[in-house]
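Source file: work-v7.cif (mmCIF, C-alpha atoms)
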data_run
#
loop_
_atom_site.group_PDB
_atom_site.id
_atom_site.type_symbol
_atom_site.label_atom_id
_atom_site.label_comp_id
_atom_site.auth_asym_id
_atom_site.auth_seq_id
_atom_site.Cartn_x
_atom_site.Cartn_y
_atom_site.Cartn_z
ATOM 1 C CA MET C 3 85.547 80.179 96.923
ATOM 2 C CA VAL C 4 85.763 83.625 98.529
ATOM 3 C CA SER C 5 84.185 86.343 96.402
ATOM 4 C CA THR C 6 85.902 89.644 95.683
ATOM 5 C CA ARG C 7 83.357 91.381 97.907
ATOM 6 C CA GLU C 8 84.046 89.005 100.800
ATOM 7 C CA GLU C 9 87.784 89.369 100.289
ATOM 8 C CA MET C 10 87.609 93.155 100.416
ATOM 9 C CA ALA C 11 85.277 93.074 103.422
ATOM 10 C CA GLY C 12 87.900 90.951 105.169
ATOM 11 C CA ARG C 13 90.454 93.688 104.525
ATOM 12 C CA LEU C 14 88.290 96.351 106.145
ATOM 13 C CA MET C 15 88.925 96.849 109.860
ATOM 14 C CA ILE C 16 86.313 98.641 111.927
ATOM 15 C CA PRO C 17 87.434 99.974 115.317
ATOM 16 C CA LEU C 18 85.064 99.382 118.190
ATOM 17 C CA ASP C 19 86.190 102.458 120.098
ATOM 18 C CA TYR C 20 83.711 102.373 122.948
ATOM 19 C CA SER C 21 84.090 102.307 126.711
ATOM 20 C CA ASP C 22 80.671 100.674 127.022
ATOM 21 C CA PRO C 23 80.442 97.076 125.724
ATOM 22 C CA ALA C 24 76.722 97.585 125.051
ATOM 23 C CA ALA C 25 77.523 100.401 122.617
ATOM 24 C CA ALA C 26 80.042 98.155 120.866
ATOM 25 C CA ARG C 27 77.444 95.410 120.569
ATOM 26 C CA ALA C 28 74.938 97.880 119.146
ATOM 27 C CA MET C 29 77.415 98.795 116.396
ATOM 28 C CA ILE C 30 78.095 95.130 115.678
ATOM 29 C CA GLU C 31 74.368 94.563 115.223
ATOM 30 C CA LYS C 32 74.222 97.388 112.675
ATOM 31 C CA LEU C 33 77.049 95.738 110.716
ATOM 32 C CA GLU C 34 75.593 92.225 110.938
ATOM 33 C CA GLY C 35 76.495 90.074 107.955
ATOM 34 C CA ILE C 36 79.500 92.114 106.785
ATOM 35 C CA PRO C 37 82.537 89.811 107.241
ATOM 36 C CA CYS C 38 84.916 92.584 108.247
ATOM 37 C CA TYR C 39 87.717 92.582 110.810
ATOM 38 C CA MET C 40 86.792 94.008 114.206
ATOM 39 C CA LYS C 41 89.487 96.080 115.877
ATOM 40 C CA VAL C 42 89.478 96.107 119.665
ATOM 41 C CA GLY C 43 91.616 98.915 121.024
ATOM 42 C CA MET C 44 92.620 99.992 124.495
ATOM 43 C CA GLN C 45 89.371 101.800 125.262
ATOM 44 C CA LEU C 46 87.148 98.733 124.825
ATOM 45 C CA PHE C 47 89.684 96.150 125.998
ATOM 46 C CA TYR C 48 90.286 97.979 129.273
ATOM 47 C CA ALA C 49 86.528 98.320 129.801
ATOM 48 C CA ALA C 50 85.281 94.896 128.699
ATOM 49 C CA GLY C 51 88.365 92.691 129.019
ATOM 50 C CA PRO C 52 89.345 89.460 127.292
ATOM 51 C CA ASP C 53 85.809 88.084 127.348
ATOM 52 C CA PHE C 54 84.741 90.589 124.697
ATOM 53 C CA VAL C 55 87.423 89.275 122.346
ATOM 54 C CA LYS C 56 86.120 85.750 122.924
ATOM 55 C CA GLU C 57 82.596 86.990 122.207
ATOM 56 C CA LEU C 58 83.668 88.447 118.867
ATOM 57 C CA LYS C 59 85.414 85.203 117.938
ATOM 58 C CA ALA C 60 82.266 83.259 118.844
ATOM 59 C CA ARG C 61 80.324 85.541 116.467
ATOM 60 C CA GLY C 62 82.730 84.537 113.688
ATOM 61 C CA TYR C 63 84.715 87.765 113.361
ATOM 62 C CA SER C 64 88.426 88.152 112.767
ATOM 63 C CA VAL C 65 89.845 90.238 115.603
ATOM 64 C CA PHE C 66 92.720 92.709 115.622
ATOM 65 C CA LEU C 67 93.675 93.398 119.245
ATOM 66 C CA ASP C 68 95.194 96.860 119.065
ATOM 67 C CA VAL C 69 96.964 97.296 122.417
ATOM 68 C CA LYS C 70 100.358 98.441 121.046
ATOM 69 C CA MET C 71 102.623 96.639 123.489
ATOM 70 C CA HIS C 72 105.852 98.477 124.316
ATOM 71 C CA ASP C 73 107.899 97.163 127.234
ATOM 72 C CA ILE C 74 110.982 95.120 128.059
ATOM 73 C CA PRO C 75 111.252 91.941 125.953
ATOM 74 C CA ASN C 76 110.340 89.561 128.791
ATOM 75 C CA THR C 77 107.144 91.455 129.590
ATOM 76 C CA VAL C 78 106.122 91.618 125.934
ATOM 77 C CA ARG C 79 106.877 87.918 125.524
ATOM 78 C CA GLY C 80 104.423 87.100 128.312
ATOM 79 C CA GLY C 81 101.838 89.551 127.019
ATOM 80 C CA ALA C 82 102.005 88.079 123.529
ATOM 81 C CA GLU C 83 101.535 84.588 124.911
ATOM 82 C CA SER C 84 98.409 85.664 126.806
ATOM 83 C CA ILE C 85 96.991 87.556 123.827
ATOM 84 C CA THR C 86 97.521 84.583 121.521
ATOM 85 C CA ARG C 87 95.599 82.326 123.929
ATOM 86 C CA LEU C 88 92.553 84.551 123.359
ATOM 87 C CA GLY C 89 92.475 83.402 119.730
ATOM 88 C CA VAL C 90 93.034 86.836 118.189
ATOM 89 C CA ASP C 91 93.931 86.988 114.511
ATOM 90 C CA MET C 92 96.262 89.975 114.803
ATOM 91 C CA PHE C 93 97.929 92.095 117.475
ATOM 92 C CA ASN C 94 100.593 94.777 117.535
ATOM 93 C CA VAL C 95 103.668 96.066 119.296
ATOM 94 C CA HIS C 96 105.625 99.297 118.950
ATOM 95 C CA ALA C 97 108.586 98.991 116.577
ATOM 96 C CA SER C 98 110.373 101.635 118.635
ATOM 97 C CA GLY C 99 110.730 98.975 121.367
ATOM 98 C CA GLY C 100 113.523 97.465 119.292
ATOM 99 C CA LYS C 101 114.297 94.220 117.506
ATOM 100 C CA ALA C 102 114.733 92.090 120.658
ATOM 101 C CA MET C 103 111.327 93.170 121.934
ATOM 102 C CA MET C 104 109.648 92.353 118.617
ATOM 103 C CA GLU C 105 111.356 88.954 118.508
ATOM 104 C CA ALA C 106 110.102 88.321 122.048
ATOM 105 C CA ALA C 107 106.522 88.989 120.921
ATOM 106 C CA LEU C 108 106.873 86.340 118.239
ATOM 107 C CA GLU C 109 108.392 83.914 120.754
ATOM 108 C CA GLY C 110 105.524 84.414 123.197
ATOM 109 C CA ALA C 111 102.899 83.842 120.520
ATOM 110 C CA ALA C 112 104.704 80.752 119.221
ATOM 111 C CA LYS C 113 104.867 79.319 122.750
ATOM 112 C CA ALA C 114 101.091 79.643 123.166
ATOM 113 C CA VAL C 115 100.491 77.925 119.822
ATOM 114 C CA SER C 116 102.935 75.107 120.632
ATOM 115 C CA GLN C 117 101.054 74.376 123.864
ATOM 116 C CA THR C 118 97.574 74.619 122.326
ATOM 117 C CA PRO C 119 97.537 73.076 118.826
ATOM 118 C CA ALA C 120 94.015 74.363 118.136
ATOM 119 C CA LEU C 121 95.378 77.918 118.084
ATOM 120 C CA GLN C 122 96.827 79.577 114.994
ATOM 121 C CA LEU C 123 99.732 81.980 115.111
ATOM 122 C CA PRO C 124 98.259 85.484 114.873
ATOM 123 C CA LEU C 125 99.668 88.100 112.558
ATOM 124 C CA ILE C 126 102.020 90.250 114.634
ATOM 125 C CA ILE C 127 102.549 93.733 113.311
ATOM 126 C CA ALA C 128 104.616 96.684 114.467
ATOM 127 C CA VAL C 129 103.483 100.281 114.868
ATOM 128 C CA THR C 130 105.862 102.589 112.987
ATOM 129 C CA GLN C 131 104.594 106.161 113.407
ATOM 130 C CA LEU C 132 101.038 106.995 114.391
ATOM 131 C CA THR C 133 98.951 108.554 111.621
ATOM 132 C CA SER C 134 98.381 111.552 113.901
ATOM 133 C CA THR C 135 102.143 112.240 113.843
ATOM 134 C CA SER C 136 103.284 114.951 111.450
ATOM 135 C CA LYS C 137 106.882 115.596 110.428
ATOM 136 C CA GLU C 138 106.986 118.584 112.775
ATOM 137 C CA VAL C 139 105.825 116.530 115.757
ATOM 138 C CA MET C 140 108.211 113.680 114.923
ATOM 139 C CA ASN C 141 111.169 116.065 114.603
ATOM 140 C CA SER C 142 110.553 118.555 117.397
ATOM 141 C CA GLU C 143 108.623 116.572 120.007
ATOM 142 C CA ILE C 144 109.539 112.906 119.547
ATOM 143 C CA GLY C 145 113.100 113.831 118.623
ATOM 144 C CA ILE C 146 113.501 111.791 115.437
ATOM 145 C CA PRO C 147 115.102 113.799 112.599
ATOM 146 C CA GLY C 148 114.321 113.460 108.907
ATOM 147 C CA ASP C 149 111.179 112.601 106.967
ATOM 148 C CA VAL C 150 108.341 110.486 108.341
ATOM 149 C CA GLU C 151 108.518 108.049 105.416
ATOM 150 C CA ALA C 152 112.207 107.323 106.009
ATOM 151 C CA THR C 153 111.534 106.589 109.680
ATOM 152 C CA VAL C 154 108.556 104.383 108.855
ATOM 153 C CA VAL C 155 110.539 102.358 106.309
ATOM 154 C CA ARG C 156 113.451 101.945 108.742
ATOM 155 C CA TYR C 157 111.075 100.597 111.393
ATOM 156 C CA ALA C 158 109.401 98.345 108.812
ATOM 157 C CA ARG C 159 112.746 96.804 107.844
ATOM 158 C CA LEU C 160 113.527 96.229 111.528
ATOM 159 C CA ALA C 161 110.146 94.535 112.053
ATOM 160 C CA ALA C 162 110.762 92.296 109.043
ATOM 161 C CA GLU C 163 114.203 91.363 110.371
ATOM 162 C CA ALA C 164 112.564 90.426 113.686
ATOM 163 C CA GLY C 165 110.236 88.036 111.838
ATOM 164 C CA LEU C 166 107.045 90.043 112.255
ATOM 165 C CA HIS C 167 104.337 89.895 109.605
ATOM 166 C CA GLY C 168 103.848 93.579 108.854
ATOM 167 C CA VAL C 169 103.456 97.082 110.190
ATOM 168 C CA VAL C 170 100.919 99.743 110.982
ATOM 169 C CA ALA C 171 101.623 102.837 108.910
ATOM 170 C CA SER C 172 99.766 105.522 107.037
ATOM 171 C CA PRO C 173 98.638 104.616 103.508
ATOM 172 C CA GLN C 174 101.071 107.228 102.222
ATOM 173 C CA GLU C 175 103.939 104.883 103.129
ATOM 174 C CA SER C 176 102.463 101.588 101.860
ATOM 175 C CA ALA C 177 104.242 101.580 98.513
ATOM 176 C CA ALA C 178 107.620 102.403 100.078
ATOM 177 C CA ILE C 179 107.170 99.649 102.682
ATOM 178 C CA THR C 180 106.332 97.098 99.989
ATOM 179 C CA ALA C 181 109.378 98.173 97.982
ATOM 180 C CA ALA C 182 111.592 97.756 101.052
ATOM 181 C CA CYS C 183 110.102 94.604 102.595
ATOM 182 C CA GLY C 184 108.341 92.746 99.781
ATOM 183 C CA PRO C 185 104.696 92.181 98.784
ATOM 184 C CA GLN C 186 103.999 89.549 101.474
ATOM 185 C CA PHE C 187 104.823 91.986 104.285
ATOM 186 C CA ARG C 188 101.458 93.354 105.415
ATOM 187 C CA THR C 189 100.557 96.999 105.759
ATOM 188 C CA VAL C 190 97.716 97.931 108.098
ATOM 189 C CA THR C 191 96.716 101.494 107.374
ATOM 190 C CA PRO C 192 94.657 103.802 109.584
ATOM 191 C CA GLY C 193 94.084 107.347 108.398
ATOM 192 C CA ILE C 194 91.511 106.283 105.792
ATOM 193 C CA ARG C 195 88.971 108.972 105.012
ATOM 194 C CA PRO C 196 86.414 108.901 102.162
ATOM 195 C CA ALA C 197 86.510 111.980 99.948
ATOM 196 C CA GLY C 198 84.949 114.927 101.751
ATOM 197 C CA ALA C 199 85.091 113.346 105.217
ATOM 198 C CA ALA C 200 86.490 115.247 108.197
ATOM 199 C CA LEU C 201 90.152 114.541 108.996
ATOM 200 C CA ASP C 202 89.489 114.552 112.779
ATOM 201 C CA ASP C 203 92.866 114.019 114.497
ATOM 202 C CA GLN C 204 94.568 112.383 111.503
ATOM 203 C CA SER C 205 97.267 114.152 109.514
ATOM 204 C CA ARG C 206 98.477 111.548 106.955
ATOM 205 C CA VAL C 207 95.377 110.290 105.149
ATOM 206 C CA MET C 208 94.065 108.776 101.903
ATOM 207 C CA THR C 209 90.722 107.671 100.530
ATOM 208 C CA PRO C 210 89.970 103.905 100.541
ATOM 209 C CA GLY C 211 90.521 103.651 96.798
ATOM 210 C CA GLN C 212 93.840 105.478 96.949
ATOM 211 C CA ALA C 213 95.022 103.255 99.794
ATOM 212 C CA ILE C 214 94.206 100.054 97.901
ATOM 213 C CA ARG C 215 96.012 101.348 94.824
ATOM 214 C CA GLN C 216 99.045 102.147 96.992
ATOM 215 C CA GLY C 217 99.134 98.517 98.118
ATOM 216 C CA SER C 218 97.611 98.660 101.612
ATOM 217 C CA HIS C 219 96.582 95.182 102.779
ATOM 218 C CA TYR C 220 94.147 96.252 105.516
ATOM 219 C CA LEU C 221 92.251 99.530 105.876
ATOM 220 C CA VAL C 222 91.252 100.789 109.320
ATOM 221 C CA VAL C 223 88.164 102.977 108.972
ATOM 222 C CA GLY C 224 86.610 104.273 112.163
ATOM 223 C CA ARG C 225 84.521 107.418 112.473
ATOM 224 C CA PRO C 226 83.476 107.613 108.784
ATOM 225 C CA ILE C 227 81.605 104.353 109.502
ATOM 226 C CA THR C 228 80.827 104.334 113.228
ATOM 227 C CA ALA C 229 79.719 107.983 113.325
ATOM 228 C CA ALA C 230 77.718 107.765 110.082
ATOM 229 C CA GLN C 231 73.942 108.058 110.098
ATOM 230 C CA ASP C 232 73.830 104.611 108.481
ATOM 231 C CA PRO C 233 77.025 102.748 109.499
ATOM 232 C CA ARG C 234 76.136 99.650 107.497
ATOM 233 C CA GLN C 235 75.704 101.559 104.255
ATOM 234 C CA ALA C 236 78.865 103.563 104.947
ATOM 235 C CA ALA C 237 80.811 100.318 105.329
ATOM 236 C CA LEU C 238 79.301 98.848 102.164
ATOM 237 C CA ASN C 239 80.180 102.013 100.230
ATOM 238 C CA ILE C 240 83.797 101.751 101.350
ATOM 239 C CA ILE C 241 83.963 98.070 100.396
ATOM 240 C CA GLU C 242 82.580 98.950 96.957
ATOM 241 C CA GLU C 243 85.260 101.628 96.534
ATOM 242 C CA MET C 244 87.907 99.074 97.504
ATOM 243 C CA ILE C 245 86.549 96.656 94.883
ATOM 244 C CA GLN C 246 86.601 99.334 92.179
ATOM 245 C CA ALA C 247 90.194 100.228 93.054
#
What's the structure tokens form of this structure?
Amino acid sequence: MVSTREEMAGRLMIPLDYSDPAAARAMIEKLEGIPCYMKVGMQLFYAAGPDFVKELKARGYSVFLDVKMHDIPNTVRGGAESITRLGVDMFNVHASGGKAMMEAALEGAAKAVSQTPALQLPLIIAVTQLTSTSKEVMNSEIGIPGDVEATVVRYARLAAEAGLHGVVASPQESAAITAACGPQFRTVTPGIRPAGAALDDQSRVMTPGQAIRQGSHYLVVGRPITAAQDPRQAALNIIEEMIQA
């Protein structure tokens, strides 16, 4: 039976935002024994390649490959097939690519699984609006009118219609997404900052406890852990806050 602590650790995603694989491995060593998700983004994936994902899987970690695919449906279909063959547990696409593109991602992943029975279908989630995007930026620069939450919920509904498993959104939108798409539709929420932590380049943030209470399924916590003097203790503190919430 999975304990509450293990369950909450499995809902914590730690980004390995390094261009040097050795630095990523050093952080992994500091977090040894914490059964969290490891998030591999563009910086590390472009530097270390698919073999690093395989290395993380061999170490027993769940892996979220955060490469935010956004292209024509045929290209995304092929990309999703290749990503799924790596054995990742989750990957993402941009919801703004449209319903056909998101459906193509699911088709590509399903094809890989059908050809290799040992694989499991990864969770495929759609990026709605980045947590660095404010209403002003969304309106005046991206060119989408209205409130951020309304846009996020519209994209979430579109992702659900395409058959995807959830979305990336700020924790401020988790409750609205659940209301619109149901409790089984996952929310992956960056923009998590413990009380008193620097906001860095995030604009729509919550503490870990607030995010859990809002219904976030997975919390992405980067610099408050990876830049901490004691990353392991920082991660354990966040897991404890998640448990209390």
Pick the closest to Glu151 of chain C from C:Ala178, C:Val78, C:Ala236, C:Leu125: which is it, counting all atoms listed in the file?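 The shortest atom-to-atom distance to Glu151 of chain C comes from C:Ala178.
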Report as a list in words the full result of the PyMOL selection byres ((chain C and resi 103-109) around 6) when it is applied to this structure.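 So the PyMOL selection byres ((chain C and resi 103-109) around 6), applied here, picks out Pro75, Val78, Arg79, Ala82, Gly99, Gly100, Lys101, Ala102, Gly110, Ala111, Ala112 and Ala164 of chain C.
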Expanded to explicit residues, what is the PyMOL selection byres ((chain C and resi 157) around 12) for this file, as a VMD selection string? chain C and resid 95 to 101 104 127 to 131 150 to 156 158 to 164 166 168 to 171 175 178 to 179 182 to 183
Residues within 9 Å of Gly224 of chain C, only C-alpha atoms, excluding chain neighbours under 3 positions, as a ChimeraX atom specification: /C:15-19,192-195,227-229
Go through C:Asp22, C:Lys41, C:Ile126, C:Ile241 and flag the residue nearest Phe187 of chain C, using only C-alpha atoms for the distances. C:Ile126
Atom pair atom CA of Pro185 of chain C / atom CA of Glu243 of chain C: separation (Å): 21.7 Å
In Å, rounded to a single decimal, give me how far atom CA of Ile240 of chain C is from atom CA of Tyr20 of chain C. 21.6 Å
To one decimal place in Å, what is the distance between atom CA of Ser21 of chain C and atom CA of Arg225 of chain C?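 Going from atom CA of Ser21 of chain C over to atom CA of Arg225 of chain C covers 15.1 Å.
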Excluding Leu238 of chain C and any residue of its chain fewer than 4 positions from it, enumerate the residues within 10 Å of it, using all atoms listed in the file, and give them as JSON, numbers by chain. {"C": [7, 11, 33, 36, 227, 233, 234, 242, 243, 244]}
Test item: the PyMOL selection byres ((chain C and resi 56-70) around 7) resolved as a list in words: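 Selection result, ordered by chain and number: Pro37, Tyr39, Met40, Lys41, Val42, Gly43, Met44, Pro52, Asp53, Phe54, Val55, Met71, His72, Leu88, Val90, Asp91, Met92, Phe93, Asn94, Val95 and His96 of chain C.
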Nearest to Thr209 of chain C by atom-to-atom distance, counting all atoms listed in the file, from C:Val139, C:Leu132, C:Leu221, C:Met29: C:Leu221
Need to verify the contact set: Ser136 of chain C, 12 Å, all atoms listed in the file, exclusion of same-chain residues closer than 3 positions in sequence. Can you return it as a ChimeraX atom specification? /C:131-133,139-144,146-151,153,172,203-207
Listed atoms of segment 224-233 of chain C, axis-aligned box, 8 Å per side: centre and edge lengths to one decimal in Å, as JSON?
{"center_x": 80.2, "center_y": 105.4, "center_z": 110.9, "size_x": 28.8, "size_y": 21.3, "size_z": 20.8}
Produce segment 216-234 of chain C of the given structure as output with N, CA and C atoms, as a PDB file, in the first residue's frame.
ATOM      1  N   GLN C 216      -6.714  23.772  -3.836  1.00  0.00           N
ATOM      2  CA  GLN C 216      -7.429  24.169  -5.050  1.00  0.00           C
ATOM      3  C   GLN C 216      -7.674  22.991  -5.996  1.00  0.00           C
ATOM      4  N   GLY C 217      -7.069  21.850  -5.693  1.00  0.00           N
ATOM      5  CA  GLY C 217      -7.316  20.654  -6.497  1.00  0.00           C
ATOM      6  C   GLY C 217      -6.236  20.306  -7.496  1.00  0.00           C
ATOM      7  N   SER C 218      -5.060  20.929  -7.423  1.00  0.00           N
ATOM      8  CA  SER C 218      -3.976  20.586  -8.337  1.00  0.00           C
ATOM      9  C   SER C 218      -3.553  19.132  -8.122  1.00  0.00           C
ATOM     10  N   HIS C 219      -3.366  18.406  -9.228  1.00  0.00           N
ATOM     11  CA  HIS C 219      -2.945  17.004  -9.129  1.00  0.00           C
ATOM     12  C   HIS C 219      -1.429  16.873  -8.977  1.00  0.00           C
ATOM     13  N   TYR C 220      -0.682  17.689  -9.740  1.00  0.00           N
ATOM     14  CA  TYR C 220       0.773  17.649  -9.699  1.00  0.00           C
ATOM     15  C   TYR C 220       1.312  19.058  -9.520  1.00  0.00           C
ATOM     16  N   LEU C 221       2.311  19.201  -8.657  1.00  0.00           N
ATOM     17  CA  LEU C 221       2.928  20.504  -8.403  1.00  0.00           C
ATOM     18  C   LEU C 221       4.346  20.504  -8.960  1.00  0.00           C
ATOM     19  N   VAL C 222       4.640  21.473  -9.823  1.00  0.00           N
ATOM     20  CA  VAL C 222       5.983  21.630 -10.362  1.00  0.00           C
ATOM     21  C   VAL C 222       6.700  22.685  -9.531  1.00  0.00           C
ATOM     22  N   VAL C 223       7.742  22.256  -8.827  1.00  0.00           N
ATOM     23  CA  VAL C 223       8.483  23.166  -7.946  1.00  0.00           C
ATOM     24  C   VAL C 223       9.954  23.103  -8.340  1.00  0.00           C
ATOM     25  N   GLY C 224      10.457  24.192  -8.891  1.00  0.00           N
ATOM     26  CA  GLY C 224      11.824  24.215  -9.369  1.00  0.00           C
ATOM     27  C   GLY C 224      12.791  24.892  -8.435  1.00  0.00           C
ATOM     28  N   ARG C 225      13.028  26.183  -8.653  1.00  0.00           N
ATOM     29  CA  ARG C 225      14.079  26.900  -7.937  1.00  0.00           C
ATOM     30  C   ARG C 225      13.951  26.889  -6.420  1.00  0.00           C
ATOM     31  N   PRO C 226      12.730  26.905  -5.831  1.00  0.00           N
ATOM     32  CA  PRO C 226      12.670  26.796  -4.368  1.00  0.00           C
ATOM     33  C   PRO C 226      13.296  25.512  -3.823  1.00  0.00           C
ATOM     34  N   ILE C 227      13.429  24.485  -4.676  1.00  0.00           N
ATOM     35  CA  ILE C 227      14.114  23.253  -4.273  1.00  0.00           C
ATOM     36  C   ILE C 227      15.539  23.230  -4.818  1.00  0.00           C
ATOM     37  N   THR C 228      15.681  23.386  -6.132  1.00  0.00           N
ATOM     38  CA  THR C 228      16.992  23.177  -6.763  1.00  0.00           C
ATOM     39  C   THR C 228      18.005  24.266  -6.420  1.00  0.00           C
ATOM     40  N   ALA C 229      17.512  25.459  -6.052  1.00  0.00           N
ATOM     41  CA  ALA C 229      18.422  26.542  -5.676  1.00  0.00           C
ATOM     42  C   ALA C 229      18.566  26.680  -4.166  1.00  0.00           C
ATOM     43  N   ALA C 230      17.910  25.789  -3.407  1.00  0.00           N
ATOM     44  CA  ALA C 230      17.973  25.858  -1.948  1.00  0.00           C
ATOM     45  C   ALA C 230      19.333  25.385  -1.449  1.00  0.00           C
ATOM     46  N   GLN C 231      19.711  25.849  -0.274  1.00  0.00           N
ATOM     47  CA  GLN C 231      20.968  25.412   0.326  1.00  0.00           C
ATOM     48  C   GLN C 231      20.952  23.911   0.589  1.00  0.00           C
ATOM     49  N   ASP C 232      19.776  23.399   0.958  1.00  0.00           N
ATOM     50  CA  ASP C 232      19.590  21.969   1.198  1.00  0.00           C
ATOM     51  C   ASP C 232      18.383  21.517   0.367  1.00  0.00           C
ATOM     52  N   PRO C 233      18.580  21.149  -0.902  1.00  0.00           N
ATOM     53  CA  PRO C 233      17.460  20.789  -1.766  1.00  0.00           C
ATOM     54  C   PRO C 233      16.607  19.643  -1.225  1.00  0.00           C
ATOM     55  N   ARG C 234      17.249  18.667  -0.605  1.00  0.00           N
ATOM     56  CA  ARG C 234      16.501  17.529  -0.081  1.00  0.00           C
ATOM     57  C   ARG C 234      15.523  17.964   1.003  1.00  0.00           C
TER      58      ARG C 234
END
